[in-house]
Number of protein chains: 6
Amino acid sequence: MLNMHELGVVYRNIARTDASLADPLGDLGVATVHEALGRAGLMQPYMRPVYPGARAAGSAVTVLLHPGDNWMLHVAAEQIRPGDVVVAAVTSPCTDGYFGDLLATSFKARGARGLVIDAGARDVRALAAMPFPVWSKAISAKGTVKATLGSVNVPVVCAGALVNPGDLVVADDDGVVVVPAALAARTLEAARAREANEAAKRTRLAAGVLGLDMYAMREPLQKAGLRYVD
Amino acid sequence: MLNMHELGVVYRNIARTDASLADPLGDLGVATVHEALGRAGLMQPYMRPVYPGARAAGSAVTVLLHPGDNWMLHVAAEQIRPGDVVVAAVTSPCTDGYFGDLLATSFKARGARGLVIDAGARDVRALAAMPFPVWSKAISAKGTVKATLGSVNVPVVCAGALVNPGDLVVADDDGVVVVPAALAARTLEAARAREANEAAKRTRLAAGVLGLDMYAMREPLQKAGLRYVD
Amino acid sequence: MLNMHELGVVYRNIARTDASLADPLGDLGVATVHEALGRAGLMQPYMRPVYPGARAAGSAVTVLLHPGDNWMLHVAAEQIRPGDVVVAAVTSPCTDGYFGDLLATSFKARGARGLVIDAGARDVRALAAMPFPVWSKAISAKGTVKATLGSVNVPVVCAGALVNPGDLVVADDDGVVVVPAALAARTLEAARAREANEAAKRTRLAAGVLGLDMYAMREPLQKAGLRYVD
Amino acid sequence: MLNMHELGVVYRNIARTDASLADPLGDLGVATVHEALGRAGLMQPYMRPVYPGARAAGSAVTVLLHPGDNWMLHVAAEQIRPGDVVVAAVTSPCTDGYFGDLLATSFKARGARGLVIDAGARDVRALAAMPFPVWSKAISAKGTVKATLGSVNVPVVCAGALVNPGDLVVADDDGVVVVPAALAARTLEAARAREANEAAKRTRLAAGVLGLDMYAMREPLQKAGLRYVD
Amino acid sequence: MLNMHELGVVYRNIARTDASLADPLGDLGVATVHEALGRAGLMQPYMRPVYPGARAAGSAVTVLLHPGDNWMLHVAAEQIRPGDVVVAAVTSPCTDGYFGDLLATSFKARGARGLVIDAGARDVRALAAMPFPVWSKAISAKGTVKATLGSVNVPVVCAGALVNPGDLVVADDDGVVVVPAALAARTLEAARAREANEAAKRTRLAAGVLGLDMYAMREPLQKAGLRYVD
Amino acid sequence: MLNMHELGVVYRNIARTDASLADPLGDLGVATVHEALGRAGLMQPYMRPVYPGARAAGSAVTVLLHPGDNWMLHVAAEQIRPGDVVVAAVTSPCTDGYFGDLLATSFKARGARGLVIDAGARDVRALAAMPFPVWSKAISAKGTVKATLGSVNVPVVCAGALVNPGDLVVADDDGVVVVPAALAARTLEAARAREANEAAKRTRLAAGVLGLDMYAMREPLQKAGLRYVD
C-alpha cells in the first residue's frame with residue numbers, strides 16, 4: 001500500500017521493472033517515452049543533466065532526504081542493484097550538493113546507471129570524466145550533514161512526478177520521465193510504434209511536405225475560423 | 001496598422017528585411033548589433049540556445065501561440081521562406097516543449113534558419129545533430145495539443161521584445177536581438193563602424209593600455225569625486 | 001577597518017593572499033576547498049561559468065558597481081596585478097552585460113586570471129576563445145553606462161559571500177568559493193589532507209565497499225531508529 | 001489501484017474522509033496538522049491564499065487540467081458535495097486565471113469549501129467578498145479555453161504533494177497540507193495531543209523559561225561541542 | 001510611426017484615450033476588460049499592487065528608464081494631465097525603488113491616477129495612506145540615481161505588454177491590462193455586454209445550475225471522449 | 001576580528017548599538033535610513049513582513065543556521081536582551097518554517113522586538129495576533145530538526161547584507177536595512193536632516209511645483225541632450 005509518510009524505513013524488496021525494457025526505452029528517449037505514456041510522468045523542466053549528452057534508463061531506487069542531509073544516500077547505496085537509477089527527493093526545497101565523486105564511485109561500483117536528485121550535485125568535472133550521469137536542479141559545492149533519518153524505497157514526489165520504487169526512469173538531454181512498472185511494456189510498444197511512425201513523417205517533412213497536409217489540418221483550421229489575409 | 005489583438009489570422013504577405021543584411025549582421029553578433037541599434041530590441045536574458053555555438057540571422061515570421069498548444073507552428077511552416085527565422089510568443093507563460101525534431105525537419109526543409117520561442121523546446125540531441133538552432137526559455141519533453149487558434153505574422157512581444165513580422169532577428173550565444181526592418185541597413189553600417197573601432201581598441205588594450213587612458217576617463221572620474229587611497 | 005559603505009573610493013594597497021597558495025588550491029577545486037574551509041565562503045549556486053571547464057584561482061580585487069553601470073570595472077583594471085581575480089558586486093540585482101571581450105582583453109593584459117560578477121557578461125564566444133574565464137549570474141548582451149561612482153577594493157557581498165580585497169577566490173565548474181587571506185595556508189593544508197584521505201576512500205568504494213561500512217554508519221543509523229523491512 | 005496517467009475520465013464514487021474530522025483539523029491549522037502527520041503532505045510554499053485570513057478544510061475532489069484550459073473545472077463542479085475542497089493540478093506549469101467569481105459561485109452553491117490550484121486565479125476582490133477561499137501560485141486575469149480533456153478524481157501531484165481523491169485537505173495562512181484519508185483520524189488525535197502540549201509550553205515560555213531548559217537541550221548541545229565565549 | 005528605439009526624447013503631444021471611457025472600464029475591472037479585448041494586453045502576473053484594494057484607470061503616459069536611474073520619472077511628471085496613469089518600463093530587469101512618497105505627491109498633484117512600473121517602488125505605508133496606487137514587480141527601499149536619459153511617451157514594453165502613449169490602462173487586484181486607444185470604445189461596449197451576461201449566469205449558478213448545463217458542455221465533452229466511471 | 005567561518009560557538013558579550021537610537025531610526029523608516037546611510041546595508045527585496053504594517057528596530061543578535069535545522073534559534077533566545085532584533089542566516093537556501101508561535105512567545109518574553117530570517121516562518125495568524133513582527137523570504141509550515149550546530153553572534157550574510165552582532169536593524173513594509181553600530185548616531189542625524197528636508201519638498205510638490213524646477217534638473221537634462229517634440 002502506498003505510504004509516503006513513513007520516515008526511518010528502508011524497504012529492501014522492491015519489484016523492479018523488467019530489465020530488458022530499460023535499454024530500448026532509454027534509446028527511444030524521454031520525449032518519445034513521455035508521449036507513449038500518454039504525456040504523463042514527466043519531471044519539471046528545471047531538472048537538467050550536469051553535463052551534456054548524459055543518458056540513463058533503469059529501475060528506480062527511491063530516497064527521501066532532509067534538507068542539507070545526505071545520510072540516506074549512503075543507506076540507499078546498499079539497495080542498488082545493477083541497472084538501477086537512484087531517484088532522490090527532499091522534504092523541502094534545497095540546492096545543496098548532496099552528491100559528488102565519492103558517492104558516484106560507490107553507486108557506480110554497485111551498478112547504478114545514474115542519479116536523479118531534486119536538489120544539488122557537485123564534482124561536475126569528475127562526474128563527467130567517470131562518466132556517471134546526474135540530473136539535478138542545481139550544481140552546488142555546498143556539503144551536507146549526516147544527522148537525520150529519511151527513507152529508502154518509499155514512494156516519493158521528485159520534481160513534481162510521483163515515483164514508486166521499481167518504476168522505470170528514463171533521462172536524457174530533454175529531462176526525466178517516470179514510467180510506472182506496470183505500464184513499461186506497453187509503453188515500449190507504444191513508443192516503438194510512435195518512433196516508426198515518426199521516421200516516415202520525418203522523410204516526408206524533409207522533402208518539403210507540410211504538416212498542414214500530412215496531418216490533414218487544413219479543414220479543422222478552417223472550421224475553427226482561421227482566416228488568411230494577403 | 002499595428003494590431004496585436006487579432007487571433008485566428010495569418011498574414012501571408014509581409015515585408016521582409018533585405019536578405020543581404022542578415023548574414024553580415026549575424027556575423028557581427030548580438031552584442032555588437034544591440035549596441036549599434038542604440039541598445040534596443042534585446043530579448044530577456046532567459047532566452048538561451050538549446051545547444052552551445054548556435055547562431056542564426058534572418059527575417060522574422062511571427063507566431064502567437066496559446067499555452068500548451070503548438071497548432072499555429074504548423075500553420076507558420078507554410079509561411080516560411082528561405083532565410084527566415086521563426087519567432088514564437090505565447091499568450092501566457094509556458095515551458096512546454098512546443099517544438100522538436102519533426103517540426104525542425106519541416107522548418108529546415110522550408111528554408112528556416114532557426115526558431116526563437118518564449119517557451120520550451122525538446123529533442124535537443126536531434127536539433128544539435130541536424131543542426132537546427134533554437135533559442136528558448138526552457139527545455140521540456142512535455143508535448144502540446146492542437147486545439148486553439150493563434151495567429152501568424154502579427155506583431156508579438158517575445159521575451160520582452162516587440163517583434164514585427166519581417167524584422168531582422170539576430171541570435172547567438174549572447175541572446176537574441178530584434179532589428180526593425182526599417183533600421184536594418186543603418187544598423188549594419190553602425191555595427192561595422194563599431195566593430196572597426198573595437199579592433200583598434202582591442203589591440204591597444206592587449207598591449208596593456210588602460211581603458212582609463214584610452215577612453216579619457218580620468219578627468220570625469222576625478223570630477224565625479226573619485227578618491228584614491230594608498 | 002571594515003567599511004562596506006564607502007562609495008567613490010579606490011584602495012590601491014591591499015594585502016594579497018600569498019600567490020603560491022592559489023595554484024594548489026585551484027587544482028584541488030571548489031568543493032574540496034569549501035570543505036577544508038569548514039563549509040564556508042561559498043557563493044550562491046546561481047553563479048555559473050560562462051563556458052564549460054572554466055577554472056581560476058587568485059587574490060580578489062573587489063569592485064562595487066551600480067545597476068547598469070560598469071564604469072568602475074575600468075577603474076579596477078588599473079589595480080589588477082598578475083594572478084588576481086576580479087570580484088564584482090552590484091548594489092542591487094542586475095543582469096546586464098557589464099563585461100565583454102574588450103574588458104577581458106584589458107584584464108588579461110593586466111594579468112587577471114578571471115572575473116566573478118554577480119550580474120551579467122557578454123561576448124561568450126570570444127571569452128571562450130581567448131580564453132578568459134568568467135562566472136556570472138546571467139549572460140546578457142545588454143550594455144551598460146559609465147555614469148556613477150562605485151568603489152574598488154572595499155569589502156563586498158557577492159552572490160551571498162563576503163569578499164574582502166586580497167581574499168583568495170577559487171572558481172570552477174562547481175561554483176565559486178572565497179578563502180579569507182588569513183586562512184588560506186591552513187585551508188590548503190586541510191584540503192590536501194582531505195584529498196589524500198579521499199583518494200583512499202575512492203579506491204575502496206570503487207571496489208564495492210559500502211560507505212555504510214567504511215564510515216561506520218550502521219550503528220548510529222540503528223540508534224537513530226532506522227528500520228529495514230523485507 | 002493508483003493510476004495517475006489516465007486522461008478523459010471522471011470517477012464519480014470516491015471515498016471521502018469522515019466529514020467530522022475536517023472542522024477540528026481545520027481549527028488546529030496547517031502547521032500543527034503537518035507536524036501531527038509526521039511532517040508530510042505539505043504543498044510547496046509558493047501556494048498562497050488569494051486574500052488574507054482564508055481558511056478551509058475538507059475532502060479533496062481532484063482535477064487534472066491542461067495549461068490554459070479550465071474545461072475540467074466545470075466537469076468537477078458536478079462532483080462536488082458539501083464539505084469538499086477542490087484540488088486542481090496542471091500537466092505543466094501555468095499561471096493563467098483558471099478560476100474566478102462565476103466558477104466560485106457555482107462551487108459555493110455546490111457546497112465546496114475552497115479551491116487549491118497549482119496555477120492562477122482571478123476576480124480576487126469578488127472572491128474575498130463572497131467569501132470563497134482559494135490558494136494558488138499566481139493571480140492572473142488571463143482567461144483560459146475549454147478545449148482539451150483532463151480528468152476528475154484521479155490521483156494528482158499538486159504543488160509537490162500527492163493528493164488522492166477523498167484525502168483531507170487543510171489550508172490556511174501557512175499553506176496547504178494533505179492528510180491521506182486513512183490517516184485522518186489518528187492525525188487529529190496526534191494534532192490535539194500536540195496542541196494540548198503546546199499550550200503548556202506556551203505558558204512557560206511566556207513566563208521567560210528558556211527552550212534550552214524546557215526541552216533539556218543544554219546537555220546535547222554541550223555533547224555536540226557548543227562553546228560559549230565571553 | 002512606431003519607434004521604440006529612441007532615447008533622450010519627450011513627446012509632448014499624445015492622443016489620449018477619451019477620458020469618459022476610463023471610469024466605466026475601471027469599474028468593470030481588469031479580468032472583464034481583458035476578456036472584452038479578446039484576451040490581449042495583459043501584463044505578466046508578477047505585477048502586483050503595493051497595497052490591497054488598489055484600483056486605477058486612465059490614459060498612459062509612458063516612460064523608458066535605465067536600471068537604477070529614475071531621472072525620467074521627474075521629466076514625465078510635467079507631461080501628466082489629470083486622469084493619466086504613468087507606465088514605466090526599464091531597459092533591463094531591475095528591482096530598485098524608483099518611486100516613493102515624494103514623486104507620488106508630485107504625480108498626484110499633477111492629476112495622475114496611479115503608476116505602473118516594471119521595477120520596484122518604496123514608501124509603501126505612505127503610498128497607502130495618500131492613497132496613490134502603484135503596481136510594481138518589487139518593493140524595495142533601494143534608491144536610484146539621476147544620470148542617464150531615457151524617454152517619455154515613446155512606445156514601451158512593460159511586463160510583457162506593448163503600451164503606446166495614450167493607451168488606456170486599467171489596473172486592480174487582478175493585475176494590469178492595456179487597451180489600445182482605438183479599441184477602447186468597443187472594448188467598453190463588449191465589457192458591458194459581458195458583464196450583463198455574467199450577472200444572469202451568476203444568478204443561475206448561485207441557484208445550483210451547473211455550468212455543464214448552462215453552457216451546454218455535456219455533448220462536446222462526450223464527443224471529446226469523456227468517460228464517467230462509477 | 002571578523003570571522004564568519006566559525007561553527008559551534010556562542011558569543012555572549014556583544015557591543016550593542018546605543019538603545020536610544022533604535023526608536024527614532026525605526027520611526028524614520030527603512031527607505032530614509034537606507035538613504036541616510038549612503039544607500040548601503042539593504043537586504044534583498046525578497047525579504048517581506050509576514051503581516052502588513054510590521055515594524056521593528058533594534059540591535060542585532062545574529063544566528064547562523066543549517067538548512068532545515070532551527071536548533072540555534074533556541075540557543076539564541078538566551079542571548080536576547082530587551083530591544084534586540086534577531087537576525088538569522090542559513091548556510092544554504094532554505095524555505096522551511098524555522099520559527100512559529102512558540103519561539104515567538106519565548107523571544108517576546110525575552111524582550112526581542114522582531115526576527116529577520118533568510119528562510120521561512122509559520123503560524124502567521126498567531127504572529128500577527130501577538131503581534132511579533134517577522135521578515136522572511138517564505139511562509140512555510142514545514143518543520144525543522146534540531147541536530148546540527150551553527151553559531152550565535154558571529155557575523156553573517158543575511159539576504160545579501162552583512163550583519164555584525166550589535167548592528168542596528170531597521171525593518172518595515174519597505175524591507176530591512178542594517179546600520180553598522182559605529183555609524184548609527186551619524187546615520188540618525190543624516191536621516192533627520194533628510195526627513196526635515198523632505199517635508200519642505202513634499203509641501204512644494206503637493207502645491208504642483210515640478211521636481212524639474214525644484215531640483216534644477218532642466219539644465220543638466222538639456223546638457224545631456226534631452227529633446228522635446230511637440
# chains A, B, ... in the order shown; residues from 1 in each chain; ligands from 1

$ select_by_dssp --residues "region 13-229 of chain D" --states "strand (DSSP E or B)" --output "ChimeraX atom specification"
/D:42,48-49,56-66,69,84-90,94,97,114-121,134-139,145,151-152,156-158,161-163,168-172,175-179,227-229

$ residues_around --residues "Leu115 (chain F)" --least-positions-apart "6" --cutoff "12 Å" --atoms "only C-alpha atoms" --output "PDB file with N, CA and C atoms, in the first residue's frame"
ATOM      1  N   MET F  47      12.871  39.852   1.001  1.00  0.00           N
ATOM      2  CA  MET F  47      12.546  39.803   2.435  1.00  0.00           C
ATOM      3  C   MET F  47      11.282  40.617   2.678  1.00  0.00           C
ATOM      4  N   ARG F  48      10.228  39.964   3.111  1.00  0.00           N
ATOM      5  CA  ARG F  48       8.944  40.643   3.296  1.00  0.00           C
ATOM      6  C   ARG F  48       8.380  40.379   4.691  1.00  0.00           C
ATOM      7  N   PRO F  49       7.653  41.340   5.253  1.00  0.00           N
ATOM      8  CA  PRO F  49       6.987  41.094   6.539  1.00  0.00           C
ATOM      9  C   PRO F  49       5.911  40.024   6.367  1.00  0.00           C
ATOM     10  N   VAL F  50       5.724  39.176   7.384  1.00  0.00           N
ATOM     11  CA  VAL F  50       4.717  38.113   7.255  1.00  0.00           C
ATOM     12  C   VAL F  50       3.305  38.639   7.475  1.00  0.00           C
ATOM     13  N   ALA F  54       4.008  45.573   9.790  1.00  0.00           N
ATOM     14  CA  ALA F  54       5.046  45.196  10.762  1.00  0.00           C
ATOM     15  C   ALA F  54       6.165  46.237  10.778  1.00  0.00           C
ATOM     16  N   ARG F  55       6.672  46.542  11.949  1.00  0.00           N
ATOM     17  CA  ARG F  55       7.791  47.469  12.123  1.00  0.00           C
ATOM     18  C   ARG F  55       8.648  47.015  13.284  1.00  0.00           C
ATOM     19  N   ALA F  56       9.964  47.184  13.158  1.00  0.00           N
ATOM     20  CA  ALA F  56      10.854  46.855  14.272  1.00  0.00           C
ATOM     21  C   ALA F  56      12.191  47.552  14.078  1.00  0.00           C
ATOM     22  N   ALA F  57      12.848  47.860  15.190  1.00  0.00           N
ATOM     23  CA  ALA F  57      14.198  48.414  15.149  1.00  0.00           C
ATOM     24  C   ALA F  57      14.902  48.004  16.428  1.00  0.00           C
ATOM     25  N   GLY F  58      16.154  47.553  16.307  1.00  0.00           N
ATOM     26  CA  GLY F  58      16.894  47.138  17.490  1.00  0.00           C
ATOM     27  C   GLY F  58      18.256  46.587  17.143  1.00  0.00           C
ATOM     28  N   SER F  59      19.012  46.246  18.169  1.00  0.00           N
ATOM     29  CA  SER F  59      20.359  45.697  17.981  1.00  0.00           C
ATOM     30  C   SER F  59      20.288  44.246  17.547  1.00  0.00           C
ATOM     31  N   ALA F  60      21.174  43.870  16.646  1.00  0.00           N
ATOM     32  CA  ALA F  60      21.133  42.525  16.088  1.00  0.00           C
ATOM     33  C   ALA F  60      21.777  41.487  16.995  1.00  0.00           C
ATOM     34  N   VAL F  61      21.007  40.443  17.303  1.00  0.00           N
ATOM     35  CA  VAL F  61      21.585  39.185  17.776  1.00  0.00           C
ATOM     36  C   VAL F  61      21.586  38.286  16.544  1.00  0.00           C
ATOM     37  N   THR F  62      22.761  37.855  16.121  1.00  0.00           N
ATOM     38  CA  THR F  62      22.835  37.090  14.875  1.00  0.00           C
ATOM     39  C   THR F  62      22.869  35.590  15.149  1.00  0.00           C
ATOM     40  N   VAL F  63      22.346  34.846  14.176  1.00  0.00           N
ATOM     41  CA  VAL F  63      22.309  33.385  14.281  1.00  0.00           C
ATOM     42  C   VAL F  63      22.672  32.806  12.922  1.00  0.00           C
ATOM     43  N   LEU F  73      18.243  28.639  17.074  1.00  0.00           N
ATOM     44  CA  LEU F  73      17.306  29.691  17.489  1.00  0.00           C
ATOM     45  C   LEU F  73      16.996  29.572  18.969  1.00  0.00           C
ATOM     46  N   ALA F  76      19.929  30.960  20.682  1.00  0.00           N
ATOM     47  CA  ALA F  76      19.940  32.426  20.565  1.00  0.00           C
ATOM     48  C   ALA F  76      19.001  33.087  21.564  1.00  0.00           C
ATOM     49  N   ALA F  77      17.885  32.406  21.878  1.00  0.00           N
ATOM     50  CA  ALA F  77      16.886  33.024  22.768  1.00  0.00           C
ATOM     51  C   ALA F  77      17.526  33.500  24.066  1.00  0.00           C
ATOM     52  N   ILE F  80      19.202  36.971  23.957  1.00  0.00           N
ATOM     53  CA  ILE F  80      18.393  38.163  23.667  1.00  0.00           C
ATOM     54  C   ILE F  80      18.296  39.063  24.899  1.00  0.00           C
ATOM     55  N   GLY F  83      14.999  44.849  23.519  1.00  0.00           N
ATOM     56  CA  GLY F  83      15.350  45.790  22.463  1.00  0.00           C
ATOM     57  C   GLY F  83      16.074  45.167  21.291  1.00  0.00           C
ATOM     58  N   ASP F  84      16.409  43.890  21.396  1.00  0.00           N
ATOM     59  CA  ASP F  84      17.146  43.237  20.319  1.00  0.00           C
ATOM     60  C   ASP F  84      16.221  42.809  19.169  1.00  0.00           C
ATOM     61  N   VAL F  85      16.814  42.690  17.999  1.00  0.00           N
ATOM     62  CA  VAL F  85      16.164  42.066  16.848  1.00  0.00           C
ATOM     63  C   VAL F  85      17.046  40.889  16.445  1.00  0.00           C
ATOM     64  N   VAL F  86      16.472  39.710  16.361  1.00  0.00           N
ATOM     65  CA  VAL F  86      17.260  38.540  15.971  1.00  0.00           C
ATOM     66  C   VAL F  86      17.358  38.480  14.447  1.00  0.00           C
ATOM     67  N   VAL F  87      18.582  38.241  13.956  1.00  0.00           N
ATOM     68  CA  VAL F  87      18.825  38.145  12.513  1.00  0.00           C
ATOM     69  C   VAL F  87      19.408  36.768  12.226  1.00  0.00           C
ATOM     70  N   ALA F  88      18.673  35.980  11.439  1.00  0.00           N
ATOM     71  CA  ALA F  88      19.081  34.595  11.215  1.00  0.00           C
ATOM     72  C   ALA F  88      19.430  34.351   9.749  1.00  0.00           C
ATOM     73  N   ALA F  89      20.629  33.841   9.523  1.00  0.00           N
ATOM     74  CA  ALA F  89      21.079  33.462   8.185  1.00  0.00           C
ATOM     75  C   ALA F  89      21.166  31.939   8.114  1.00  0.00           C
ATOM     76  N   TYR F  98      11.206  27.827  10.135  1.00  0.00           N
ATOM     77  CA  TYR F  98      12.082  27.698  11.303  1.00  0.00           C
ATOM     78  C   TYR F  98      11.452  28.259  12.570  1.00  0.00           C
ATOM     79  N   PHE F  99      10.444  29.089  12.429  1.00  0.00           N
ATOM     80  CA  PHE F  99      10.024  29.936  13.544  1.00  0.00           C
ATOM     81  C   PHE F  99       8.506  30.042  13.541  1.00  0.00           C
ATOM     82  N   GLY F 100       7.896  29.764  14.730  1.00  0.00           N
ATOM     83  CA  GLY F 100       6.450  29.878  14.843  1.00  0.00           C
ATOM     84  C   GLY F 100       6.061  30.481  16.181  1.00  0.00           C
ATOM     85  N   LEU F 103       8.345  29.791  19.588  1.00  0.00           N
ATOM     86  CA  LEU F 103       9.584  30.565  19.651  1.00  0.00           C
ATOM     87  C   LEU F 103       9.292  32.053  19.749  1.00  0.00           C
ATOM     88  N   ALA F 104       8.232  32.505  19.061  1.00  0.00           N
ATOM     89  CA  ALA F 104       7.878  33.928  19.142  1.00  0.00           C
ATOM     90  C   ALA F 104       7.504  34.303  20.566  1.00  0.00           C
ATOM     91  N   PHE F 107      10.821  34.496  22.409  1.00  0.00           N
ATOM     92  CA  PHE F 107      11.602  35.680  22.016  1.00  0.00           C
ATOM     93  C   PHE F 107      10.968  36.947  22.607  1.00  0.00           C
ATOM     94  N   LYS F 108       9.647  37.002  22.550  1.00  0.00           N
ATOM     95  CA  LYS F 108       8.958  38.193  23.043  1.00  0.00           C
ATOM     96  C   LYS F 108       9.146  38.327  24.565  1.00  0.00           C
ATOM     97  N   ALA F 121       9.018  31.205   7.829  1.00  0.00           N
ATOM     98  CA  ALA F 121       8.370  31.258   9.145  1.00  0.00           C
ATOM     99  C   ALA F 121       6.971  30.659   9.013  1.00  0.00           C
ATOM    100  N   LEU F 127       1.366  35.002  14.874  1.00  0.00           N
ATOM    101  CA  LEU F 127       2.363  36.068  14.932  1.00  0.00           C
ATOM    102  C   LEU F 127       1.694  37.435  14.808  1.00  0.00           C
ATOM    103  N   PRO F 131       1.264  41.018  18.746  1.00  0.00           N
ATOM    104  CA  PRO F 131       1.934  40.747  17.492  1.00  0.00           C
ATOM    105  C   PRO F 131       3.429  40.582  17.734  1.00  0.00           C
ATOM    106  N   PHE F 132       4.059  39.755  16.884  1.00  0.00           N
ATOM    107  CA  PHE F 132       5.514  39.651  16.890  1.00  0.00           C
ATOM    108  C   PHE F 132       5.972  39.707  15.435  1.00  0.00           C
ATOM    109  N   PRO F 133       6.624  40.823  15.053  1.00  0.00           N
ATOM    110  CA  PRO F 133       6.937  41.012  13.632  1.00  0.00           C
ATOM    111  C   PRO F 133       8.085  40.131  13.147  1.00  0.00           C
ATOM    112  N   VAL F 134       7.901  39.560  11.970  1.00  0.00           N
ATOM    113  CA  VAL F 134       8.910  38.708  11.339  1.00  0.00           C
ATOM    114  C   VAL F 134       9.042  39.106   9.875  1.00  0.00           C
ATOM    115  N   TRP F 135      10.279  39.201   9.411  1.00  0.00           N
ATOM    116  CA  TRP F 135      10.563  39.383   7.988  1.00  0.00           C
ATOM    117  C   TRP F 135      11.230  38.094   7.506  1.00  0.00           C
ATOM    118  N   SER F 136      10.735  37.555   6.407  1.00  0.00           N
ATOM    119  CA  SER F 136      11.268  36.269   5.931  1.00  0.00           C
ATOM    120  C   SER F 136      11.210  36.221   4.417  1.00  0.00           C
ATOM    121  N   LYS F 137      11.819  35.188   3.838  1.00  0.00           N
ATOM    122  CA  LYS F 137      11.708  35.054   2.386  1.00  0.00           C
ATOM    123  C   LYS F 137      10.611  34.082   1.999  1.00  0.00           C
ATOM    124  N   CYS F 158      23.003  37.960   5.563  1.00  0.00           N
ATOM    125  CA  CYS F 158      21.575  37.647   5.569  1.00  0.00           C
ATOM    126  C   CYS F 158      20.906  38.375   4.409  1.00  0.00           C
ATOM    127  N   VAL F 169      19.329  47.113  13.337  1.00  0.00           N
ATOM    128  CA  VAL F 169      18.494  46.618  12.251  1.00  0.00           C
ATOM    129  C   VAL F 169      17.185  47.405  12.277  1.00  0.00           C
ATOM    130  N   VAL F 170      16.785  47.920  11.112  1.00  0.00           N
ATOM    131  CA  VAL F 170      15.504  48.622  10.983  1.00  0.00           C
ATOM    132  C   VAL F 170      14.698  47.904   9.907  1.00  0.00           C
ATOM    133  N   ALA F 171      13.435  47.608  10.218  1.00  0.00           N
ATOM    134  CA  ALA F 171      12.608  46.851   9.279  1.00  0.00           C
ATOM    135  C   ALA F 171      11.190  47.381   9.273  1.00  0.00           C
ATOM    136  N   ASP F 172      10.614  47.474   8.085  1.00  0.00           N
ATOM    137  CA  ASP F 172       9.203  47.864   7.969  1.00  0.00           C
ATOM    138  C   ASP F 172       8.641  47.343   6.641  1.00  0.00           C
ATOM    139  N   VAL F 176      14.276  45.605   4.927  1.00  0.00           N
ATOM    140  CA  VAL F 176      15.161  45.544   6.097  1.00  0.00           C
ATOM    141  C   VAL F 176      16.494  46.201   5.758  1.00  0.00           C
TER     142      VAL F 176
END

$ closest_atom_pairs --of "chain D" --to "chain F" --cutoff "9 Å" --atoms "only C-alpha atoms" --output "CSV"
residue,atom,partner,partner_atom,distance
D:Gly29,CA,F:Asp123,CA,8.6
D:Val30,CA,F:Ala141,CA,6.6
D:Ala31,CA,F:Ala141,CA,4.7
D:Thr32,CA,F:Ala141,CA,8.3
D:His34,CA,F:Ala141,CA,7.1
D:Glu35,CA,F:Gly143,CA,7.0
D:Arg39,CA,F:Gly143,CA,6.7
D:Ala40,CA,F:Lys142,CA,8.5
D:Leu42,CA,F:Lys142,CA,7.1
D:Gln44,CA,F:Ser140,CA,8.0
D:Pro45,CA,F:Ser140,CA,5.3
D:Tyr46,CA,F:Ala138,CA,8.1
D:Arg48,CA,F:Ile139,CA,8.8
D:Gly53,CA,F:Arg125,CA,7.6
D:Asp172,CA,F:Arg125,CA,8.9
D:Asp173,CA,F:Val124,CA,6.3
D:Asp174,CA,F:Ala141,CA,5.6
D:Gly175,CA,F:Ser140,CA,6.5
D:Val176,CA,F:Ala141,CA,8.4
D:Val177,CA,F:Ala141,CA,8.6
D:Glu198,CA,F:Leu102,CA,7.7
D:Lys201,CA,F:Leu102,CA,7.5
D:Arg202,CA,F:Leu102,CA,5.8
D:Thr203,CA,F:Thr105,CA,8.6
D:Arg204,CA,F:Ser106,CA,8.6
D:Leu205,CA,F:Ser106,CA,4.8
D:Ala206,CA,F:Ala109,CA,5.4
D:Ala207,CA,F:Ala109,CA,6.7
D:Gly208,CA,F:Ala109,CA,5.4
D:Val209,CA,F:Ser106,CA,7.6
D:Leu210,CA,F:Glu78,CA,6.8
D:Gly211,CA,F:His74,CA,5.8
D:Leu212,CA,F:His74,CA,6.1
D:Met217,CA,F:His74,CA,8.7
D:Arg218,CA,F:Val75,CA,8.8
D:Leu221,CA,F:Leu149,CA,7.7
D:Ala224,CA,F:Leu149,CA,7.2
D:Gly225,CA,F:Gly8,CA,6.6
D:Leu226,CA,F:Gly8,CA,4.8
D:Arg227,CA,F:Val9,CA,4.8
D:Tyr228,CA,F:Val10,CA,4.7
D:Val229,CA,F:Tyr11,CA,4.9
D:Asp230,CA,F:Arg12,CA,5.1

$ select_by_dssp --residues "region 13-172 of chain C" --states "alpha helix (DSSP H)" --output "ChimeraX atom specification"
/C:22-28,30-36,71-79,101-109,124-129

$ residues_around --residues "Val90 (chain A)" --least-positions-apart "6" --cutoff "7 Å" --atoms "only C-alpha atoms" --output "PyMOL selection string"
chain A and resi 64-67+118

$ residues_around --residues "Ala36 (chain A)" --least-positions-apart "6" --cutoff "9 Å" --atoms "only C-alpha atoms" --output "list in words"
Arg186, Thr187, Leu188, Glu189, Ala190, Ala191, Arg192, Ala193 and Arg194 of chain A

$ write_last_selection --atoms "N, CA and C atoms" --output "mmCIF file, in the first residue's frame"
data_model
loop_
_atom_site.group_PDB
_atom_site.id
_atom_site.type_symbol
_atom_site.label_atom_id
_atom_site.label_comp_id
_atom_site.auth_asym_id
_atom_site.auth_seq_id
_atom_site.Cartn_x
_atom_site.Cartn_y
_atom_site.Cartn_z
ATOM 1 N N ARG A 186 3.872 -1.943 -22.197
ATOM 2 C CA ARG A 186 3.001 -1.361 -23.224
ATOM 3 C C ARG A 186 3.505 0.011 -23.668
ATOM 4 N N THR A 187 4.217 0.702 -22.770
ATOM 5 C CA THR A 187 4.802 1.983 -23.162
ATOM 6 C C THR A 187 5.890 1.775 -24.207
ATOM 7 N N LEU A 188 6.678 0.714 -24.021
ATOM 8 C CA LEU A 188 7.714 0.422 -25.020
ATOM 9 C C LEU A 188 7.082 0.140 -26.372
ATOM 10 N N GLU A 189 6.034 -0.637 -26.341
ATOM 11 C CA GLU A 189 5.332 -0.958 -27.585
ATOM 12 C C GLU A 189 4.821 0.324 -28.261
ATOM 13 N N ALA A 190 4.175 1.162 -27.452
ATOM 14 C CA ALA A 190 3.628 2.409 -28.000
ATOM 15 C C ALA A 190 4.734 3.325 -28.490
ATOM 16 N N ALA A 191 5.833 3.343 -27.766
ATOM 17 C CA ALA A 191 6.937 4.226 -28.143
ATOM 18 C C ALA A 191 7.561 3.766 -29.461
ATOM 19 N N ARG A 192 7.692 2.439 -29.602
ATOM 20 C CA ARG A 192 8.252 1.921 -30.861
ATOM 21 C C ARG A 192 7.329 2.235 -32.035
ATOM 22 N N ALA A 193 6.031 2.091 -31.806
ATOM 23 C CA ALA A 193 5.081 2.397 -32.876
ATOM 24 C C ALA A 193 5.181 3.865 -33.256
ATOM 25 N N ARG A 194 5.277 4.688 -32.228
ATOM 26 C CA ARG A 194 5.384 6.130 -32.480
ATOM 27 C C ARG A 194 6.649 6.452 -33.258
#
